file upload.pdb (PDB, C-alpha atoms)
MODEL        1
ATOM      1  CA  MET C   1     194.189  98.940  94.899  1.00  0.00           C
ATOM      2  CA  VAL C   2     191.830 101.448  93.292  1.00  0.00           C
ATOM      3  CA  GLU C   3     191.818 105.223  93.609  1.00  0.00           C
ATOM      4  CA  THR C   4     188.486 106.273  92.084  1.00  0.00           C
ATOM      5  CA  GLY C   5     184.897 105.275  92.686  1.00  0.00           C
ATOM      6  CA  ALA C   6     184.353 104.782  88.952  1.00  0.00           C
ATOM      7  CA  GLU C   7     187.257 102.331  88.719  1.00  0.00           C
ATOM      8  CA  LEU C   8     185.989 100.414  91.748  1.00  0.00           C
ATOM      9  CA  LEU C   9     182.480 100.121  90.291  1.00  0.00           C
ATOM     10  CA  GLN C  10     183.834  98.957  86.931  1.00  0.00           C
ATOM     11  CA  ARG C  11     186.083  96.292  88.470  1.00  0.00           C
ATOM     12  CA  TYR C  12     183.404  95.199  90.970  1.00  0.00           C
ATOM     13  CA  GLY C  13     180.983  94.832  88.035  1.00  0.00           C
ATOM     14  CA  SER C  14     183.537  92.524  86.382  1.00  0.00           C
ATOM     15  CA  GLY C  15     183.491  90.233  89.415  1.00  0.00           C
ATOM     16  CA  GLU C  16     186.444  91.513  91.434  1.00  0.00           C
ATOM     17  CA  ARG C  17     185.799  91.767  95.197  1.00  0.00           C
ATOM     18  CA  ASP C  18     189.179  92.471  96.877  1.00  0.00           C
ATOM     19  CA  PHE C  19     189.797  96.202  97.076  1.00  0.00           C
ATOM     20  CA  SER C  20     191.609  96.170 100.409  1.00  0.00           C
ATOM     21  CA  ASN C  21     193.857  99.137 101.257  1.00  0.00           C
ATOM     22  CA  SER C  22     192.328 101.320  98.523  1.00  0.00           C
ATOM     23  CA  GLN C  23     192.548 105.114  98.623  1.00  0.00           C
ATOM     24  CA  LEU C  24     188.964 106.293  98.098  1.00  0.00           C
ATOM     25  CA  ALA C  25     188.638 109.441 100.203  1.00  0.00           C
ATOM     26  CA  GLY C  26     185.608 111.417  99.022  1.00  0.00           C
ATOM     27  CA  ALA C  27     184.523 108.750  96.510  1.00  0.00           C
ATOM     28  CA  ASP C  28     180.886 108.884  95.386  1.00  0.00           C
ATOM     29  CA  LEU C  29     179.497 105.368  95.737  1.00  0.00           C
ATOM     30  CA  ALA C  30     175.986 106.381  96.827  1.00  0.00           C
ATOM     31  CA  GLY C  31     173.401 103.750  95.970  1.00  0.00           C
ATOM     32  CA  ALA C  32     176.010 101.270  94.685  1.00  0.00           C
ATOM     33  CA  ASP C  33     175.523  97.514  95.128  1.00  0.00           C
ATOM     34  CA  LEU C  34     178.794  96.373  96.703  1.00  0.00           C
ATOM     35  CA  ALA C  35     177.629  93.307  98.610  1.00  0.00           C
ATOM     36  CA  GLY C  36     180.509  91.124  99.814  1.00  0.00           C
ATOM     37  CA  ILE C  37     183.212  93.654  98.887  1.00  0.00           C
ATOM     38  CA  ASP C  38     186.558  93.656 100.723  1.00  0.00           C
ATOM     39  CA  LEU C  39     187.582  97.201 101.611  1.00  0.00           C
ATOM     40  CA  GLY C  40     189.593  96.241 104.687  1.00  0.00           C
ATOM     41  CA  GLY C  41     192.125  98.904 105.639  1.00  0.00           C
ATOM     42  CA  SER C  42     190.874 101.277 102.940  1.00  0.00           C
ATOM     43  CA  ILE C  43     190.689 105.049 103.242  1.00  0.00           C
ATOM     44  CA  LEU C  44     187.088 106.147 102.673  1.00  0.00           C
ATOM     45  CA  GLN C  45     187.085 109.444 104.542  1.00  0.00           C
ATOM     46  CA  GLN C  46     184.111 111.612 103.532  1.00  0.00           C
ATOM     47  CA  ALA C  47     182.982 108.971 101.038  1.00  0.00           C
ATOM     48  CA  LYS C  48     179.399 109.140  99.819  1.00  0.00           C
ATOM     49  CA  LEU C  49     177.874 105.730 100.518  1.00  0.00           C
ATOM     50  CA  ALA C  50     174.266 106.709 101.259  1.00  0.00           C
ATOM     51  CA  SER C  51     171.813 103.915 100.352  1.00  0.00           C
ATOM     52  CA  ALA C  52     174.709 101.666  99.253  1.00  0.00           C
ATOM     53  CA  ASN C  53     174.405  97.898  99.655  1.00  0.00           C
ATOM     54  CA  LEU C  54     177.406  96.798 101.704  1.00  0.00           C
ATOM     55  CA  GLU C  55     175.847  93.625 103.071  1.00  0.00           C
ATOM     56  CA  ARG C  56     178.535  91.205 104.297  1.00  0.00           C
ATOM     57  CA  ALA C  57     181.232  93.721 103.325  1.00  0.00           C
ATOM     58  CA  TYR C  58     184.658  93.460 104.938  1.00  0.00           C
ATOM     59  CA  LEU C  59     185.576  96.905 106.234  1.00  0.00           C
ATOM     60  CA  SER C  60     187.806  95.954 109.148  1.00  0.00           C
ATOM     61  CA  GLY C  61     190.259  98.743 109.923  1.00  0.00           C
ATOM     62  CA  ALA C  62     188.821 100.963 107.197  1.00  0.00           C
ATOM     63  CA  ASP C  63     188.770 104.733 107.724  1.00  0.00           C
ATOM     64  CA  LEU C  64     185.202 105.916 107.129  1.00  0.00           C
ATOM     65  CA  SER C  65     185.552 109.151 109.092  1.00  0.00           C
ATOM     66  CA  GLN C  66     182.915 111.733 108.129  1.00  0.00           C
ATOM     67  CA  ALA C  67     181.430 109.292 105.572  1.00  0.00           C
ATOM     68  CA  ASP C  68     177.786 109.503 104.528  1.00  0.00           C
ATOM     69  CA  LEU C  69     176.276 106.060 105.127  1.00  0.00           C
ATOM     70  CA  GLN C  70     172.668 107.187 105.595  1.00  0.00           C
ATOM     71  CA  GLY C  71     170.202 104.426 104.764  1.00  0.00           C
ATOM     72  CA  SER C  72     172.984 102.047 103.722  1.00  0.00           C
ATOM     73  CA  ASN C  73     172.753  98.281 104.145  1.00  0.00           C
ATOM     74  CA  LEU C  74     175.642  97.085 106.302  1.00  0.00           C
ATOM     75  CA  ARG C  75     173.890  93.919 107.470  1.00  0.00           C
ATOM     76  CA  LEU C  76     176.449  91.340 108.677  1.00  0.00           C
ATOM     77  CA  ALA C  77     179.318  93.628 107.635  1.00  0.00           C
ATOM     78  CA  ASN C  78     182.655  93.405 109.447  1.00  0.00           C
ATOM     79  CA  LEU C  79     183.565  96.886 110.688  1.00  0.00           C
ATOM     80  CA  GLU C  80     185.881  95.737 113.459  1.00  0.00           C
ATOM     81  CA  LYS C  81     188.291  98.528 114.458  1.00  0.00           C
ATOM     82  CA  ALA C  82     186.890 100.738 111.692  1.00  0.00           C
ATOM     83  CA  LYS C  83     187.150 104.508 112.076  1.00  0.00           C
ATOM     84  CA  LEU C  84     183.688 106.012 111.768  1.00  0.00           C
ATOM     85  CA  GLN C  85     184.189 109.289 113.658  1.00  0.00           C
ATOM     86  CA  GLY C  86     181.550 111.830 112.686  1.00  0.00           C
ATOM     87  CA  SER C  87     179.972 109.507 110.138  1.00  0.00           C
ATOM     88  CA  ARG C  88     176.294 109.785 109.252  1.00  0.00           C
ATOM     89  CA  LEU C  89     174.605 106.404 109.715  1.00  0.00           C
ATOM     90  CA  GLN C  90     170.989 107.550 110.125  1.00  0.00           C
ATOM     91  CA  GLY C  91     168.592 104.747 109.227  1.00  0.00           C
ATOM     92  CA  ALA C  92     171.424 102.364 108.312  1.00  0.00           C
ATOM     93  CA  ASN C  93     170.863  98.605 108.563  1.00  0.00           C
ATOM     94  CA  LEU C  94     173.639  97.277 110.807  1.00  0.00           C
ATOM     95  CA  ARG C  95     171.822  94.087 111.883  1.00  0.00           C
ATOM     96  CA  GLY C  96     174.381  91.511 112.988  1.00  0.00           C
ATOM     97  CA  ALA C  97     177.300  93.751 112.001  1.00  0.00           C
ATOM     98  CA  ASN C  98     180.631  93.453 113.813  1.00  0.00           C
ATOM     99  CA  LEU C  99     181.566  96.886 115.180  1.00  0.00           C
ATOM    100  CA  ALA C 100     183.889  95.605 117.921  1.00  0.00           C
ATOM    101  CA  GLU C 101     186.389  98.303 118.917  1.00  0.00           C
ATOM    102  CA  ALA C 102     185.105 100.597 116.154  1.00  0.00           C
ATOM    103  CA  ASP C 103     185.455 104.338 116.694  1.00  0.00           C
ATOM    104  CA  LEU C 104     181.939 105.758 116.377  1.00  0.00           C
ATOM    105  CA  SER C 105     182.658 108.945 118.305  1.00  0.00           C
ATOM    106  CA  GLU C 106     180.443 111.852 117.210  1.00  0.00           C
ATOM    107  CA  ALA C 107     178.641 109.526 114.742  1.00  0.00           C
ATOM    108  CA  ASP C 108     174.916 109.940 114.062  1.00  0.00           C
ATOM    109  CA  LEU C 109     173.291 106.520 114.418  1.00  0.00           C
ATOM    110  CA  SER C 110     169.742 107.810 114.887  1.00  0.00           C
ATOM    111  CA  GLN C 111     167.125 105.316 113.687  1.00  0.00           C
ATOM    112  CA  ALA C 112     169.850 102.800 112.777  1.00  0.00           C
ATOM    113  CA  ASP C 113     169.055  99.107 113.148  1.00  0.00           C
ATOM    114  CA  LEU C 114     171.748  97.650 115.412  1.00  0.00           C
ATOM    115  CA  ALA C 115     169.804  94.531 116.382  1.00  0.00           C
ATOM    116  CA  GLY C 116     172.258  91.715 117.081  1.00  0.00           C
ATOM    117  CA  ALA C 117     175.267  93.916 116.311  1.00  0.00           C
ATOM    118  CA  ASN C 118     178.543  93.468 118.185  1.00  0.00           C
ATOM    119  CA  LEU C 119     179.690  96.807 119.632  1.00  0.00           C
ATOM    120  CA  THR C 120     182.006  95.448 122.337  1.00  0.00           C
ATOM    121  CA  GLY C 121     184.662  97.991 123.167  1.00  0.00           C
ATOM    122  CA  ALA C 122     183.317 100.493 120.616  1.00  0.00           C
ATOM    123  CA  ASN C 123     183.876 104.206 121.184  1.00  0.00           C
ATOM    124  CA  LEU C 124     180.448 105.862 121.343  1.00  0.00           C
ATOM    125  CA  ARG C 125     181.560 109.139 122.927  1.00  0.00           C
ATOM    126  CA  GLY C 126     179.421 111.969 121.639  1.00  0.00           C
ATOM    127  CA  SER C 127     177.412 109.717 119.328  1.00  0.00           C
ATOM    128  CA  LEU C 128     173.682 109.986 118.717  1.00  0.00           C
ATOM    129  CA  LEU C 129     171.789 106.739 119.320  1.00  0.00           C
ATOM    130  CA  ALA C 130     168.211 108.095 119.367  1.00  0.00           C
ATOM    131  CA  ARG C 131     165.507 105.702 118.168  1.00  0.00           C
ATOM    132  CA  CYS C 132     168.028 102.928 117.437  1.00  0.00           C
ATOM    133  CA  LYS C 133     167.022  99.297 117.453  1.00  0.00           C
ATOM    134  CA  LEU C 134     169.351  97.733 120.019  1.00  0.00           C
ATOM    135  CA  LYS C 135     167.618  94.367 120.545  1.00  0.00           C
ATOM    136  CA  LEU C 136     170.280  91.740 121.303  1.00  0.00           C
ATOM    137  CA  ALA C 137     173.077  94.194 120.480  1.00  0.00           C
ATOM    138  CA  ASN C 138     176.243  93.547 122.490  1.00  0.00           C
ATOM    139  CA  LEU C 139     177.429  96.834 123.997  1.00  0.00           C
ATOM    140  CA  ARG C 140     179.651  95.397 126.729  1.00  0.00           C
ATOM    141  CA  GLY C 141     182.640  97.617 127.307  1.00  0.00           C
ATOM    142  CA  ALA C 142     181.478 100.230 124.794  1.00  0.00           C
ATOM    143  CA  CYS C 143     182.543 103.705 125.942  1.00  0.00           C
ATOM    144  CA  TYR C 144     180.125 106.580 126.332  1.00  0.00           C
ATOM    145  CA  ASP C 145     180.322 110.047 127.862  1.00  0.00           C
ATOM    146  CA  ALA C 146     177.988 112.841 128.929  1.00  0.00           C
ATOM    147  CA  THR C 147     177.494 113.880 125.295  1.00  0.00           C
ATOM    148  CA  THR C 148     176.384 110.421 124.101  1.00  0.00           C
ATOM    149  CA  GLN C 149     172.662 110.637 123.381  1.00  0.00           C
ATOM    150  CA  MET C 150     170.653 107.483 124.073  1.00  0.00           C
ATOM    151  CA  GLU C 151     166.937 106.794 123.766  1.00  0.00           C
ATOM    152  CA  ALA C 152     164.932 108.031 126.761  1.00  0.00           C
ATOM    153  CA  GLY C 153     164.751 105.304 129.403  1.00  0.00           C
ATOM    154  CA  VAL C 154     167.831 103.470 128.120  1.00  0.00           C
ATOM    155  CA  THR C 155     170.559 103.264 130.726  1.00  0.00           C
ATOM    156  CA  PRO C 156     174.063 102.710 129.291  1.00  0.00           C
ATOM    157  CA  VAL C 157     175.198 100.900 132.444  1.00  0.00           C
ATOM    158  CA  GLU C 158     172.353  98.370 132.059  1.00  0.00           C
ATOM    159  CA  LEU C 159     173.694  97.648 128.557  1.00  0.00           C
ATOM    160  CA  GLY C 160     177.175  96.973 129.942  1.00  0.00           C
ATOM    161  CA  MET C 161     178.622 100.230 128.659  1.00  0.00           C
ATOM    162  CA  VAL C 162     181.365 102.073 130.529  1.00  0.00           C
ATOM    163  CA  GLN C 163     181.670 105.792 131.057  1.00  0.00           C
ATOM    164  CA  ALA C 164     184.929 107.282 129.861  1.00  0.00           C
TER     165      ALA C 164
ENDMDL
END

call {"tool": "encode", "arguments": {"input": "upload.pdb", "output": "structure tokens"}}
result
Amino acid sequence: MVETGAELLQRYGSGERDFSNSQLAGADLAGADLAGIDLGGSILQQAKLASANLERAYLSGADLSQADLQGSNLRLANLEKAKLQGSRLQGANLRGANLAEADLSEADLSQADLAGANLTGANLRGSLLARCKLKLANLRGACYDATTQMEAGVTPVELGMVQA
């Protein structure tokens, strides 16, 4: 387990990949190349991960509440049951990512690429999904409410979403 962004970057640079259950709240990892990293169950609240490469990262159960993930690459990442409340994911690449049962309430996903992503059972209450790429995304059972903002002409019910 690591407790600072600097320590994580040093150990990742040495070839280590398992950083599960780390305490990295507020860590500055913006722009870092962390492809294939295991941060499952880690605390990353308010972490700065803008433009970071997290392709194929394992973030299942991680707490990324209020994190800055703008423009980050989360392609094929596993974010199952991750906490992403209030996170900023504008322009993020989430192609093929697993976001099943993730809490994305109040998250800003505007212009994010969610093509082929699995969002089954995700909490999208109050989230912003304007100008998202949703081609082949699985939104069955994802929860939305009156404050969820979708692209004009997109009907949540047609996507298999449920109002909660």

call {"tool": "atom_distance", "arguments": {"input": "upload.pdb", "atom1": "atom CA of C:Ala67", "atom2": "atom CA of C:Glu151"}}
result
23.4 Å

call {"tool": "resolve_selection", "arguments": {"input": "upload.pdb", "expression": "the PyMOL selection byres ((chain C and resi 46-49) around 8)", "output": "list in words"}}
result
Leu24, Ala25, Gly26, Ala27, Asp28, Leu29, Ala30, Gly31, Ala32, Leu44, Gln45, Ala50, Ser51, Ala52, Leu64, Ser65, Gln66, Ala67, Asp68, Leu69, Gln70 and Ser72 of chain C

call {"tool": "resolve_selection", "arguments": {"input": "upload.pdb", "expression": "the PyMOL selection byres ((chain C and resi 75-86) around 6)", "output": "PyMOL selection string"}}
result
chain C and resi 55-66+73-74+87+93-107

call {"tool": "residues_around", "arguments": {"input": "upload.pdb", "residues": "C:Lys133", "least_positions_apart": "4", "cutoff": "8 Å", "atoms": "all atoms listed in the file", "output": "MDAnalysis selection string"}}
result
chainID C and resid 111:115

call {"tool": "write_last_selection", "arguments": {"input": "upload.pdb", "atoms": "C-alpha atoms", "output": "compact mmCIF listing (two decimals), keeping the file's coordinate frame"}}
result
# COMPACT_ATOMS: atom_id res chain seq x y z
CA GLN C 111 167.12 105.32 113.69
CA ALA C 112 169.85 102.80 112.78
CA ASP C 113 169.06 99.11 113.15
CA LEU C 114 171.75 97.65 115.41
CA ALA C 115 169.80 94.53 116.38

call {"tool": "resolve_selection", "arguments": {"input": "upload.pdb", "expression": "the PyMOL selection byres ((chain C and resi 154) around 12)", "output": "list in words"}}
result
Leu129, Ala130, Arg131, Cys132, Lys133, Leu134, Lys135, Thr148, Gln149, Met150, Glu151, Ala152, Gly153, Thr155, Pro156, Val157, Glu158, Leu159, Gly160 and Met161 of chain C

call {"tool": "closest_residue", "arguments": {"input": "upload.pdb", "among": "C:Thr147, C:Val162, C:Phe19, C:Gly13", "to": "C:Thr120", "atoms": "only C-alpha atoms"}}
result
C:Val162

call {"tool": "closest_residue", "arguments": {"input": "upload.pdb", "among": "C:Leu109, C:Leu9, C:Ile43, C:Leu34", "to": "C:Asn21", "atoms": "only C-alpha atoms"}}
result
C:Ile43

call {"tool": "closest_residue", "arguments": {"input": "upload.pdb", "among": "C:Met1, C:Gly116, C:Asn53, C:Ser14", "to": "C:Gly40", "atoms": "all atoms listed in the file"}}
result
C:Met1

call {"tool": "atom_distance", "arguments": {"input": "upload.pdb", "atom1": "atom CA of C:Ala164", "atom2": "atom CA of C:Gly41"}}
result
26.6 Å

call {"tool": "closest_residue", "arguments": {"input": "upload.pdb", "among": "C:Arg88, C:Ser20, C:Gln10, C:Leu54", "to": "C:Gly36", "atoms": "all atoms listed in the file"}}
result
C:Leu54

call {"tool": "atom_distance", "arguments": {"input": "upload.pdb", "atom1": "atom CA of C:Ser42", "atom2": "atom CA of C:Val2"}}
result
9.7 Å

call {"tool": "closest_residue", "arguments": {"input": "upload.pdb", "among": "C:Ala146, C:Leu39, C:Gly71, C:Ala122", "to": "C:Ser110", "atoms": "all atoms listed in the file"}}
result
C:Gly71
